[in-house]
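Peer 1: So I've got this file, entry.pdb, and it contains PDB, C-alpha atoms and all ligand atoms:
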ATOM      1  CA  MET A   1       1.715  -5.319  27.739  1.00  0.00           C
ATOM      2  CA  PRO A   2       0.896  -1.796  28.965  1.00  0.00           C
ATOM      3  CA  GLY A   3       3.600   0.855  28.588  1.00  0.00           C
ATOM      4  CA  SER A   4       5.052   3.364  26.148  1.00  0.00           C
ATOM      5  CA  PHE A   5       6.932   2.660  22.952  1.00  0.00           C
ATOM      6  CA  LYS A   6       8.473   4.618  20.076  1.00  0.00           C
ATOM      7  CA  THR A   7       7.993   3.872  16.409  1.00  0.00           C
ATOM      8  CA  GLU A   8       7.954   5.471  12.989  1.00  0.00           C
ATOM      9  CA  ALA A   9       4.652   5.339  11.139  1.00  0.00           C
ATOM     10  CA  ILE A  10       2.644   6.435   8.135  1.00  0.00           C
ATOM     11  CA  VAL A  11      -0.800   7.851   8.927  1.00  0.00           C
ATOM     12  CA  LEU A  12      -3.098   5.806   6.671  1.00  0.00           C
ATOM     13  CA  ARG A  13      -6.430   7.222   7.747  1.00  0.00           C
ATOM     14  CA  SER A  14      -7.831   9.650  10.291  1.00  0.00           C
ATOM     15  CA  ILE A  15     -11.384   9.599  11.652  1.00  0.00           C
ATOM     16  CA  ARG A  16     -13.108  12.204  13.842  1.00  0.00           C
ATOM     17  CA  TYR A  17     -13.781  10.886  17.291  1.00  0.00           C
ATOM     18  CA  GLY A  18     -15.682  12.493  20.145  1.00  0.00           C
ATOM     19  CA  GLU A  19     -15.525  16.233  20.500  1.00  0.00           C
ATOM     20  CA  ALA A  20     -11.912  17.020  19.736  1.00  0.00           C
ATOM     21  CA  ASP A  21     -10.132  13.711  19.145  1.00  0.00           C
ATOM     22  CA  ARG A  22      -9.189  11.619  16.158  1.00  0.00           C
ATOM     23  CA  VAL A  23      -8.712   7.893  15.740  1.00  0.00           C
ATOM     24  CA  LEU A  24      -5.772   7.135  13.471  1.00  0.00           C
ATOM     25  CA  HIS A  25      -5.027   4.020  11.464  1.00  0.00           C
ATOM     26  CA  LEU A  26      -1.238   3.784  11.428  1.00  0.00           C
ATOM     27  CA  TYR A  27       1.160   1.550   9.574  1.00  0.00           C
ATOM     28  CA  THR A  28       4.203   1.375  11.814  1.00  0.00           C
ATOM     29  CA  ALA A  29       7.740   0.199  11.169  1.00  0.00           C
ATOM     30  CA  GLU A  30       7.960  -1.856  14.322  1.00  0.00           C
ATOM     31  CA  ARG A  31       4.450  -3.108  15.060  1.00  0.00           C
ATOM     32  CA  GLY A  32       2.630  -3.331  11.755  1.00  0.00           C
ATOM     33  CA  ARG A  33      -0.911  -2.003  11.959  1.00  0.00           C
ATOM     34  CA  VAL A  34      -1.707   0.085  15.009  1.00  0.00           C
ATOM     35  CA  GLY A  35      -4.872   1.981  15.917  1.00  0.00           C
ATOM     36  CA  ALA A  36      -4.368   5.066  18.079  1.00  0.00           C
ATOM     37  CA  VAL A  37      -6.288   7.948  19.601  1.00  0.00           C
ATOM     38  CA  ALA A  38      -4.880  11.432  19.192  1.00  0.00           C
ATOM     39  CA  LYS A  39      -6.511  13.366  21.993  1.00  0.00           C
ATOM     40  CA  GLY A  40      -7.532  16.983  21.533  1.00  0.00           C
ATOM     41  CA  VAL A  41      -5.992  17.238  18.049  1.00  0.00           C
ATOM     42  CA  ARG A  42      -9.001  19.023  16.591  1.00  0.00           C
ATOM     43  CA  ARG A  43      -8.508  21.926  18.996  1.00  0.00           C
ATOM     44  CA  VAL A  44      -6.877  24.979  17.476  1.00  0.00           C
ATOM     45  CA  LYS A  45      -4.068  25.027  20.019  1.00  0.00           C
ATOM     46  CA  SER A  46      -3.235  21.333  19.685  1.00  0.00           C
ATOM     47  CA  ARG A  47       0.461  20.681  19.662  1.00  0.00           C
ATOM     48  CA  LEU A  48       0.050  17.428  17.671  1.00  0.00           C
ATOM     49  CA  GLY A  49      -2.732  18.421  15.274  1.00  0.00           C
ATOM     50  CA  GLY A  50      -0.945  19.443  12.082  1.00  0.00           C
ATOM     51  CA  ARG A  51       1.587  16.631  12.287  1.00  0.00           C
ATOM     52  CA  LEU A  52      -0.900  13.779  12.124  1.00  0.00           C
ATOM     53  CA  GLU A  53      -2.519  14.355   8.739  1.00  0.00           C
ATOM     54  CA  PRO A  54      -3.096  11.252   6.572  1.00  0.00           C
ATOM     55  CA  LEU A  55      -0.123  10.419   4.285  1.00  0.00           C
ATOM     56  CA  SER A  56       2.369  11.933   6.743  1.00  0.00           C
ATOM     57  CA  ARG A  57       5.435  10.037   7.889  1.00  0.00           C
ATOM     58  CA  VAL A  58       5.935  10.609  11.589  1.00  0.00           C
ATOM     59  CA  ARG A  59       8.006   9.539  14.569  1.00  0.00           C
ATOM     60  CA  LEU A  60       5.702   8.720  17.476  1.00  0.00           C
ATOM     61  CA  VAL A  61       5.663   7.931  21.136  1.00  0.00           C
ATOM     62  CA  LEU A  62       2.599   5.809  21.858  1.00  0.00           C
ATOM     63  CA  HIS A  63       1.099   4.602  25.044  1.00  0.00           C
ATOM     64  CA  GLN A  64      -0.434   1.162  25.115  1.00  0.00           C
ATOM     65  CA  GLY A  65      -3.134   0.937  27.760  1.00  0.00           C
ATOM     66  CA  ARG A  66      -5.543  -1.898  28.421  1.00  0.00           C
ATOM     67  CA  GLY A  67      -7.836  -1.015  25.542  1.00  0.00           C
ATOM     68  CA  GLU A  68      -7.430  -1.866  21.888  1.00  0.00           C
ATOM     69  CA  LEU A  69      -6.306   1.615  20.881  1.00  0.00           C
ATOM     70  CA  CYS A  70      -3.002   3.229  21.836  1.00  0.00           C
ATOM     71  CA  THR A  71      -2.769   6.893  22.803  1.00  0.00           C
ATOM     72  CA  ILE A  72      -0.366   9.223  21.019  1.00  0.00           C
ATOM     73  CA  SER A  73       1.754  11.160  23.471  1.00  0.00           C
ATOM     74  CA  GLN A  74       4.307  12.646  21.084  1.00  0.00           C
ATOM     75  CA  ALA A  75       4.567  13.165  17.321  1.00  0.00           C
ATOM     76  CA  ASP A  76       7.376  14.539  15.176  1.00  0.00           C
ATOM     77  CA  THR A  77       7.269  14.949  11.436  1.00  0.00           C
ATOM     78  CA  VAL A  78       9.727  12.901   9.391  1.00  0.00           C
ATOM     79  CA  GLN A  79       8.154  13.778   6.043  1.00  0.00           C
ATOM     80  CA  ALA A  80       4.921  15.791   5.619  1.00  0.00           C
ATOM     81  CA  HIS A  81       4.749  15.165   1.822  1.00  0.00           C
ATOM     82  CA  ALA A  82       3.565  18.717   1.151  1.00  0.00           C
ATOM     83  CA  GLY A  83       4.414  18.393  -2.557  1.00  0.00           C
ATOM     84  CA  LEU A  84       2.053  15.557  -3.333  1.00  0.00           C
ATOM     85  CA  ARG A  85      -0.823  17.301  -1.588  1.00  0.00           C
ATOM     86  CA  GLU A  86      -0.632  20.094  -4.177  1.00  0.00           C
ATOM     87  CA  ARG A  87      -1.236  17.784  -7.145  1.00  0.00           C
ATOM     88  CA  ARG A  88      -4.541  16.017  -7.437  1.00  0.00           C
ATOM     89  CA  GLY A  89      -3.140  13.057  -9.409  1.00  0.00           C
ATOM     90  CA  SER A  90      -0.343  12.479  -6.900  1.00  0.00           C
ATOM     91  CA  LEU A  91      -2.729  12.855  -3.969  1.00  0.00           C
ATOM     92  CA  GLU A  92      -5.101  10.259  -5.419  1.00  0.00           C
ATOM     93  CA  ARG A  93      -2.277   7.775  -5.991  1.00  0.00           C
ATOM     94  CA  ALA A  94      -0.967   8.297  -2.457  1.00  0.00           C
ATOM     95  CA  THR A  95      -4.442   7.745  -1.029  1.00  0.00           C
ATOM     96  CA  GLN A  96      -4.790   4.570  -3.140  1.00  0.00           C
ATOM     97  CA  ALA A  97      -1.423   3.322  -1.892  1.00  0.00           C
ATOM     98  CA  CYS A  98      -2.446   3.830   1.754  1.00  0.00           C
ATOM     99  CA  GLU A  99      -5.806   2.200   1.063  1.00  0.00           C
ATOM    100  CA  ALA A 100      -4.079  -0.881  -0.371  1.00  0.00           C
ATOM    101  CA  VAL A 101      -1.834  -1.147   2.710  1.00  0.00           C
ATOM    102  CA  LEU A 102      -4.874  -0.693   4.950  1.00  0.00           C
ATOM    103  CA  ARG A 103      -6.691  -3.579   3.278  1.00  0.00           C
ATOM    104  CA  LEU A 104      -3.814  -5.924   2.651  1.00  0.00           C
ATOM    105  CA  LEU A 105      -1.744  -5.590   5.814  1.00  0.00           C
ATOM    106  CA  ASP A 106      -3.931  -5.727   8.886  1.00  0.00           C
ATOM    107  CA  SER A 107      -1.613  -7.687  11.135  1.00  0.00           C
ATOM    108  CA  THR A 108       0.269  -6.330  14.131  1.00  0.00           C
ATOM    109  CA  GLU A 109       3.282  -8.348  12.941  1.00  0.00           C
ATOM    110  CA  PRO A 110       5.906  -5.899  11.692  1.00  0.00           C
ATOM    111  CA  ASN A 111       6.598  -6.020   7.952  1.00  0.00           C
ATOM    112  CA  LEU A 112       9.546  -3.744   7.330  1.00  0.00           C
ATOM    113  CA  PRO A 113       9.712  -4.349   3.552  1.00  0.00           C
ATOM    114  CA  ALA A 114       6.061  -3.251   3.274  1.00  0.00           C
ATOM    115  CA  TYR A 115       6.670  -0.229   5.492  1.00  0.00           C
ATOM    116  CA  ASN A 116       9.739   0.839   3.521  1.00  0.00           C
ATOM    117  CA  LEU A 117       7.898   0.315   0.243  1.00  0.00           C
ATOM    118  CA  LEU A 118       5.044   2.606   1.301  1.00  0.00           C
ATOM    119  CA  CYS A 119       7.520   5.271   2.500  1.00  0.00           C
ATOM    120  CA  HIS A 120       9.352   5.023  -0.802  1.00  0.00           C
ATOM    121  CA  GLU A 121       6.159   5.296  -2.883  1.00  0.00           C
ATOM    122  CA  LEU A 122       4.985   8.382  -0.966  1.00  0.00           C
ATOM    123  CA  ALA A 123       8.417   9.994  -1.325  1.00  0.00           C
ATOM    124  CA  LEU A 124       8.361   9.373  -5.100  1.00  0.00           C
ATOM    125  CA  LEU A 125       4.845  10.798  -5.427  1.00  0.00           C
ATOM    126  CA  ASP A 126       5.936  13.775  -3.360  1.00  0.00           C
ATOM    127  CA  SER A 127       8.975  14.563  -5.472  1.00  0.00           C
ATOM    128  CA  SER A 128       7.582  14.186  -8.974  1.00  0.00           C
ATOM    129  CA  ALA A 129       4.237  14.403 -10.791  1.00  0.00           C
ATOM    130  CA  ASP A 130       5.522  11.700 -13.135  1.00  0.00           C
ATOM    131  CA  ALA A 131       5.289   9.100 -10.346  1.00  0.00           C
ATOM    132  CA  SER A 132       1.496   9.223 -10.521  1.00  0.00           C
ATOM    133  CA  ARG A 133       1.536   7.275 -13.819  1.00  0.00           C
ATOM    134  CA  ARG A 134      -0.637   4.173 -13.891  1.00  0.00           C
ATOM    135  CA  ALA A 135       2.391   1.947 -14.633  1.00  0.00           C
ATOM    136  CA  GLN A 136       4.104   3.283 -11.519  1.00  0.00           C
ATOM    137  CA  ALA A 137       1.025   2.768  -9.309  1.00  0.00           C
ATOM    138  CA  LEU A 138       0.723  -0.835 -10.504  1.00  0.00           C
ATOM    139  CA  ALA A 139       4.410  -1.481  -9.836  1.00  0.00           C
ATOM    140  CA  PHE A 140       3.874  -0.342  -6.249  1.00  0.00           C
ATOM    141  CA  ARG A 141       0.893  -2.636  -5.885  1.00  0.00           C
ATOM    142  CA  LEU A 142       2.772  -5.605  -7.300  1.00  0.00           C
ATOM    143  CA  LYS A 143       5.690  -5.058  -4.922  1.00  0.00           C
ATOM    144  CA  LEU A 144       3.226  -4.719  -2.069  1.00  0.00           C
ATOM    145  CA  LEU A 145       1.833  -8.155  -2.986  1.00  0.00           C
ATOM    146  CA  LEU A 146       5.353  -9.527  -2.803  1.00  0.00           C
ATOM    147  CA  ALA A 147       5.935  -7.924   0.610  1.00  0.00           C
ATOM    148  CA  ALA A 148       2.611  -9.311   1.863  1.00  0.00           C
ATOM    149  CA  GLY A 149       3.432 -12.814   0.612  1.00  0.00           C
ATOM    150  CA  PHE A 150       1.029 -12.964  -2.328  1.00  0.00           C
ATOM    151  CA  ALA A 151       3.316 -12.442  -5.326  1.00  0.00           C
ATOM    152  CA  PRO A 152       2.026 -14.312  -8.406  1.00  0.00           C
ATOM    153  CA  GLU A 153       4.047 -17.032 -10.140  1.00  0.00           C
ATOM    154  CA  LEU A 154       5.463 -15.482 -13.312  1.00  0.00           C
ATOM    155  CA  ALA A 155       8.385 -17.690 -14.364  1.00  0.00           C
ATOM    156  CA  SER A 156       6.488 -20.768 -15.542  1.00  0.00           C
ATOM    157  CA  CYS A 157       2.977 -22.245 -15.576  1.00  0.00           C
ATOM    158  CA  ALA A 158       1.590 -22.021 -12.040  1.00  0.00           C
ATOM    159  CA  SER A 159      -0.272 -25.328 -12.545  1.00  0.00           C
ATOM    160  CA  CYS A 160       2.149 -27.674 -14.334  1.00  0.00           C
ATOM    161  CA  GLY A 161       5.496 -25.864 -14.450  1.00  0.00           C
ATOM    162  CA  GLU A 162       5.634 -25.685 -18.266  1.00  0.00           C
ATOM    163  CA  ALA A 163       7.896 -22.799 -19.335  1.00  0.00           C
ATOM    164  CA  GLU A 164       6.532 -22.332 -22.885  1.00  0.00           C
ATOM    165  CA  HIS A 165       3.182 -21.560 -24.506  1.00  0.00           C
ATOM    166  CA  LEU A 166       2.135 -19.298 -21.654  1.00  0.00           C
ATOM    167  CA  GLY A 167      -0.721 -16.904 -22.329  1.00  0.00           C
ATOM    168  CA  GLY A 168      -3.220 -16.879 -19.496  1.00  0.00           C
ATOM    169  CA  PHE A 169      -3.385 -15.778 -15.903  1.00  0.00           C
ATOM    170  CA  SER A 170      -5.207 -17.883 -13.347  1.00  0.00           C
ATOM    171  CA  PRO A 171      -5.927 -16.254  -9.967  1.00  0.00           C
ATOM    172  CA  SER A 172      -6.781 -19.617  -8.409  1.00  0.00           C
ATOM    173  CA  ALA A 173      -3.545 -21.237  -9.651  1.00  0.00           C
ATOM    174  CA  GLY A 174      -1.688 -18.141  -8.445  1.00  0.00           C
ATOM    175  CA  GLY A 175       0.020 -16.989 -11.608  1.00  0.00           C
ATOM    176  CA  ILE A 176       0.524 -17.373 -15.340  1.00  0.00           C
ATOM    177  CA  VAL A 177      -0.629 -20.610 -16.968  1.00  0.00           C
ATOM    178  CA  CYS A 178       0.057 -22.459 -20.204  1.00  0.00           C
ATOM    179  CA  VAL A 179      -2.532 -23.286 -22.903  1.00  0.00           C
ATOM    180  CA  GLY A 180      -3.018 -26.759 -21.420  1.00  0.00           C
ATOM    181  CA  CYS A 181      -3.960 -25.350 -18.023  1.00  0.00           C
ATOM    182  CA  GLU A 182      -5.927 -22.301 -19.125  1.00  0.00           C
ATOM    183  CA  ALA A 183      -9.318 -23.307 -17.666  1.00  0.00           C
ATOM    184  CA  GLY A 184     -10.461 -20.557 -15.298  1.00  0.00           C
ATOM    185  CA  SER A 185      -7.864 -18.122 -16.599  1.00  0.00           C
ATOM    186  CA  PHE A 186      -8.088 -14.865 -18.547  1.00  0.00           C
ATOM    187  CA  PRO A 187      -5.758 -13.765 -21.347  1.00  0.00           C
ATOM    188  CA  LEU A 188      -2.478 -12.190 -20.303  1.00  0.00           C
ATOM    189  CA  GLY A 189      -0.474 -11.046 -23.308  1.00  0.00           C
ATOM    190  CA  GLU A 190       3.271 -11.028 -23.744  1.00  0.00           C
ATOM    191  CA  GLU A 191       3.553  -7.309 -23.003  1.00  0.00           C
ATOM    192  CA  ALA A 192       1.583  -7.611 -19.756  1.00  0.00           C
ATOM    193  CA  HIS A 193       3.719 -10.582 -18.724  1.00  0.00           C
ATOM    194  CA  ARG A 194       6.908  -8.658 -19.487  1.00  0.00           C
ATOM    195  CA  TYR A 195       5.598  -5.651 -17.572  1.00  0.00           C
ATOM    196  CA  LEU A 196       4.892  -7.735 -14.448  1.00  0.00           C
ATOM    197  CA  VAL A 197       8.280  -9.482 -14.524  1.00  0.00           C
ATOM    198  CA  THR A 198      10.183  -6.226 -15.147  1.00  0.00           C
ATOM    199  CA  ALA A 199       8.226  -4.223 -12.547  1.00  0.00           C
ATOM    200  CA  LEU A 200       9.039  -6.825  -9.896  1.00  0.00           C
ATOM    201  CA  ALA A 201      12.715  -6.990 -10.846  1.00  0.00           C
ATOM    202  CA  ARG A 202      13.390  -3.245 -11.050  1.00  0.00           C
ATOM    203  CA  PRO A 203      13.558  -0.690  -8.231  1.00  0.00           C
ATOM    204  CA  LEU A 204      10.239   1.084  -7.606  1.00  0.00           C
ATOM    205  CA  ALA A 205      11.533   4.356  -9.054  1.00  0.00           C
ATOM    206  CA  GLU A 206      12.241   2.641 -12.395  1.00  0.00           C
ATOM    207  CA  ALA A 207       8.828   1.134 -13.104  1.00  0.00           C
ATOM    208  CA  PRO A 208       8.605   0.092 -16.781  1.00  0.00           C
ATOM    209  CA  GLU A 209       6.048   1.550 -19.198  1.00  0.00           C
ATOM    210  CA  ALA A 210       3.581  -0.611 -21.113  1.00  0.00           C
ATOM    211  CA  PRO A 211       0.619  -0.088 -23.453  1.00  0.00           C
ATOM    212  CA  GLU A 212      -2.787   0.500 -21.798  1.00  0.00           C
ATOM    213  CA  LEU A 213      -4.115  -2.946 -22.702  1.00  0.00           C
ATOM    214  CA  ALA A 214      -1.114  -4.621 -21.074  1.00  0.00           C
ATOM    215  CA  LEU A 215      -1.514  -2.467 -17.958  1.00  0.00           C
ATOM    216  CA  SER A 216      -5.210  -3.368 -17.746  1.00  0.00           C
ATOM    217  CA  GLN A 217      -4.349  -7.072 -17.893  1.00  0.00           C
ATOM    218  CA  ALA A 218      -1.636  -6.611 -15.257  1.00  0.00           C
ATOM    219  CA  ASP A 219      -4.102  -4.660 -13.082  1.00  0.00           C
ATOM    220  CA  ARG A 220      -6.639  -7.470 -13.332  1.00  0.00           C
ATOM    221  CA  ALA A 221      -3.999 -10.096 -12.533  1.00  0.00           C
ATOM    222  CA  ILE A 222      -2.939  -8.210  -9.405  1.00  0.00           C
ATOM    223  CA  ALA A 223      -6.482  -7.436  -8.210  1.00  0.00           C
ATOM    224  CA  GLU A 224      -7.815 -10.965  -8.742  1.00  0.00           C
ATOM    225  CA  THR A 225      -4.771 -12.560  -7.073  1.00  0.00           C
ATOM    226  CA  VAL A 226      -5.468 -10.462  -3.980  1.00  0.00           C
ATOM    227  CA  GLU A 227      -9.183 -11.262  -4.100  1.00  0.00           C
ATOM    228  CA  TYR A 228      -8.623 -14.971  -4.414  1.00  0.00           C
ATOM    229  CA  HIS A 229      -5.760 -15.457  -1.958  1.00  0.00           C
ATOM    230  CA  ALA A 230      -6.107 -12.599   0.561  1.00  0.00           C
ATOM    231  CA  HIS A 231      -9.910 -12.203   0.293  1.00  0.00           C
ATOM    232  CA  VAL A 232      -9.458  -8.478  -0.150  1.00  0.00           C
ATOM    233  CA  ARG A 233     -10.999  -6.310  -2.865  1.00  0.00           C
ATOM    234  CA  LEU A 234      -8.830  -3.518  -4.201  1.00  0.00           C
ATOM    235  CA  ARG A 235     -10.153  -0.786  -6.446  1.00  0.00           C
ATOM    236  CA  ARG A 236      -8.683  -1.081  -9.940  1.00  0.00           C
ATOM    237  CA  VAL A 237      -5.853   1.268 -10.867  1.00  0.00           C
ATOM    238  CA  ALA A 238      -7.340   3.404 -13.646  1.00  0.00           C
TER     239      ALA A 238
HETATM  240 ZN    ZN B 301       0.345 -25.669 -17.431  1.00  0.00          ZN
END
Please rewrite the model in this file as structure tokens.

Peer 2:
Amino acid sequence: MPGSFKTEAIVLRSIRYGEADRVLHLYTAERGRVGAVAKGVRRVKSRLGGRLEPLSRVRLVLHQGRGELCTISQADTVQAHAGLRERRGSLERATQACEAVLRLLDSTEPNLPAYNLLCHELALLDSSADASRRAQALAFRLKLLLAAGFAPELASCASCGEAEHLGGFSPSAGGIVCVGCEAGSFPLGEEAHRYLVTALARPLAEAPEAPELALSQADRAIAETVEYHAHVRLRRVA
């Protein structure tokens, strides 16, 4: 329906368009994924320009015309995340987080838990260099899977329900599996299992630590779950 609407959004990606415009991929609080044109923002005197950088959290007024893309008529900064832009590690993690949202959540259905999670992750990365740890980045990704409806089964064997003798992870079964059901699975050690369970249970800011091998197994479990069930490839979290 044509008309104007207000929403908060994170700028996921910005692409040059025409002579002075940009096309923005937005993740909004109220309408999920939205594509929008920001007209004239590459001109020096643009009133919107500096506010619409990728990774920024903004309050927008958008106009929905007949085309696929909305037009941005007003933008106010909620959080520019200037701190994370000064640290390469934090900037890379923030870009990865936006990339994961871009690939995993392409619907115009609102998903407030996913929106809030992304805002929270960017705020953490902005406030502390420590938030760019691999264990923290994986915790974000795991919680994003949960928000998107793809959380793996971690309590008991995803194939038969057995609660003991667990040791593998099967992307096709959708979670951890027992020795009897391990066909098509890869090894997932006790520490990786504990990491996944704890990371899901704790607040994002309190992501648990784990040895590198355990984090690599957790990373693989997350990435292959998304590949199998959402048909989306995510770059591994190194
Ligand atoms: Zn089983």

Peer 1: Could you jot down the CA of Thr198 (chain A) to CA of Ala151 (chain A) separation for me, Å, one decimal place?

Peer 2: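 Atom-to-atom, CA of Thr198 (chain A) and CA of Ala151 (chain A) are spaced 13.5 Å apart.
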
Peer 1: Just give me the gap between CA of Val101 (chain A) and CA of Glu30 (chain A) in Å, one decimal is fine.

Peer 2: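 Rounded to one decimal, the two atoms are 15.2 Å apart.
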
Peer 1: Run the PyMOL selection byres (((not hetatm)) within 9 of (chain B and resi 301)) on the file and write out the hits as a list in words.

Peer 2: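 Applied to this file, the PyMOL selection byres (((not hetatm)) within 9 of (chain B and resi 301)) returns Ser156, Cys157, Ala158, Ser159, Cys160, Gly161, Glu162, Ala163, Glu164, His165, Leu166, Ile176, Val177, Cys178, Val179, Gly180, Cys181 and Glu182 of chain A.
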
Peer 1: Counting only C-alpha atoms, select every polymer residue within 12 Å of (-4.4, 13.5, 24.9) as defined in the file's coordinates, and provide the selection as a PyMOL selection string.

Peer 2: chain A and resi 20-23+36-43+46-49+62-63+70-75

Peer 1: For this structure, which residues satisfy the selection - the PyMOL selection byres (((chain A and resi 174) around 7) and not hetatm) - when it is evaluated on the file as given? I want them as a PyMOL selection string.

Peer 2: chain A and resi 152-153+158+170-173+175+225

Peer 1: Check which residues satisfy the PyMOL selection byres (((chain A and resi 234) around 12) and not hetatm) in the file shown, then give them as an MDAnalysis selection string.

Peer 2: chainID A and resid 96:104 138 141 145 219:228 230:233 235:238

Peer 1: Please produce an output containing C-alpha atoms for each residue in the selection, written as a PDB file, in the frame of the given file.

Peer 2:
ATOM      1  CA  GLN A  96      -4.790   4.570  -3.140  1.00  0.00           C
ATOM      2  CA  ALA A  97      -1.423   3.322  -1.892  1.00  0.00           C
ATOM      3  CA  CYS A  98      -2.446   3.830   1.754  1.00  0.00           C
ATOM      4  CA  GLU A  99      -5.806   2.200   1.063  1.00  0.00           C
ATOM      5  CA  ALA A 100      -4.079  -0.881  -0.371  1.00  0.00           C
ATOM      6  CA  VAL A 101      -1.834  -1.147   2.710  1.00  0.00           C
ATOM      7  CA  LEU A 102      -4.874  -0.693   4.950  1.00  0.00           C
ATOM      8  CA  ARG A 103      -6.691  -3.579   3.278  1.00  0.00           C
ATOM      9  CA  LEU A 104      -3.814  -5.924   2.651  1.00  0.00           C
ATOM     10  CA  LEU A 138       0.723  -0.835 -10.504  1.00  0.00           C
ATOM     11  CA  ARG A 141       0.893  -2.636  -5.885  1.00  0.00           C
ATOM     12  CA  LEU A 145       1.833  -8.155  -2.986  1.00  0.00           C
ATOM     13  CA  ASP A 219      -4.102  -4.660 -13.082  1.00  0.00           C
ATOM     14  CA  ARG A 220      -6.639  -7.470 -13.332  1.00  0.00           C
ATOM     15  CA  ALA A 221      -3.999 -10.096 -12.533  1.00  0.00           C
ATOM     16  CA  ILE A 222      -2.939  -8.210  -9.405  1.00  0.00           C
ATOM     17  CA  ALA A 223      -6.482  -7.436  -8.210  1.00  0.00           C
ATOM     18  CA  GLU A 224      -7.815 -10.965  -8.742  1.00  0.00           C
ATOM     19  CA  THR A 225      -4.771 -12.560  -7.073  1.00  0.00           C
ATOM     20  CA  VAL A 226      -5.468 -10.462  -3.980  1.00  0.00           C
ATOM     21  CA  GLU A 227      -9.183 -11.262  -4.100  1.00  0.00           C
ATOM     22  CA  TYR A 228      -8.623 -14.971  -4.414  1.00  0.00           C
ATOM     23  CA  ALA A 230      -6.107 -12.599   0.561  1.00  0.00           C
ATOM     24  CA  HIS A 231      -9.910 -12.203   0.293  1.00  0.00           C
ATOM     25  CA  VAL A 232      -9.458  -8.478  -0.150  1.00  0.00           C
ATOM     26  CA  ARG A 233     -10.999  -6.310  -2.865  1.00  0.00           C
ATOM     27  CA  ARG A 235     -10.153  -0.786  -6.446  1.00  0.00           C
ATOM     28  CA  ARG A 236      -8.683  -1.081  -9.940  1.00  0.00           C
ATOM     29  CA  VAL A 237      -5.853   1.268 -10.867  1.00  0.00           C
ATOM     30  CA  ALA A 238      -7.340   3.404 -13.646  1.00  0.00           C
TER      31      ALA A 238
END

Peer 1: Between A:Leu188, A:Leu122, A:Leu105, A:Val78, which residue has the minimum interatomic distance to Glu92 (chain A), considering all atoms listed in the file?

Peer 2: A:Leu122

Peer 1: Enclose all atoms of region 216-219 of chain A listed in the file in an axis-aligned box, grow every side by 3 Å, and hand back centre and edge lengths in Å to one decimal, as JSON.

Peer 2:
{"center_x": -3.4, "center_y": -5.2, "center_z": -15.5, "size_x": 9.6, "size_y": 9.7, "size_z": 10.8}

Peer 1: Have a look at CA of Ala137 (chain A) and CA of Leu213 (chain A) and let me know their distance in Å, one decimal.

Peer 2: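 Interatomic distance, CA of Ala137 (chain A) to CA of Leu213 (chain A): 15.4 Å.
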
Peer 1: Fewer than 4 positions away in the same chain doesn't count, so skip those; otherwise give me all residues within 12 Å of Arg87 (chain A), counting all atoms listed in the file, as a list in words.

Peer 2: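 The residues satisfying every condition are His81, Ala82, Gly83, Leu91, Glu92, Arg93, Ala94, Leu125, Asp126, Ser127, Ser128, Ala129, Asp130, Ala131 and Ser132 of chain A.
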
Peer 1: Given the choices A:Ser185, A:Gln64, A:Thr28, A:Ser90, which gets closest to Leu118 (chain A) if the distance is worked out from all atoms listed in the file?

Peer 2: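 Smallest distance to Leu118 (chain A) is found for A:Thr28.
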
Peer 1: From the set A:Thr7, A:Glu209, A:Lys143, A:Arg66, which residue has the shortest atom-to-atom contact distance to Ala192 (chain A), counting all atoms listed in the file?

Peer 2: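 For Ala192 (chain A), the nearest of the given residues is A:Glu209.
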
Peer 1: Between A:Ala201, A:Ala9, A:Ala139, A:Leu24, which residue has the minimum interatomic distance to Ala80 (chain A), considering only C-alpha atoms?

Peer 2: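 Looking only at the distances to Ala80 (chain A), the closest residue turns out to be A:Ala9.
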
Peer 1: Please list, as a VMD selection string, the residues that have an atom at most 6 Å away from (6.5, 8.6, 5.9) in the coordinates of this file, counting only C-alpha atoms.

Peer 2: chain A and resid 10 56 to 57 79 119

Peer 1: So which residues touch Arg33 (chain A) within 8 Å, counting only C-alpha atoms, skipping near sequence neighbours fewer than 5 positions away, as a CSV table (one decimal) with C-alpha atoms, in the frame of the given file?

Peer 2:
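Below is the file part_6.csv, written as the result:
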chain,number,residue,atom,x,y,z
A,25,HIS,CA,-5.0,4.0,11.5
A,26,LEU,CA,-1.2,3.8,11.4
A,27,TYR,CA,1.2,1.6,9.6
A,28,THR,CA,4.2,1.4,11.8
A,105,LEU,CA,-1.7,-5.6,5.8
A,106,ASP,CA,-3.9,-5.7,8.9
A,107,SER,CA,-1.6,-7.7,11.1
A,108,THR,CA,0.3,-6.3,14.1
A,109,GLU,CA,3.3,-8.3,12.9
A,110,PRO,CA,5.9,-5.9,11.7
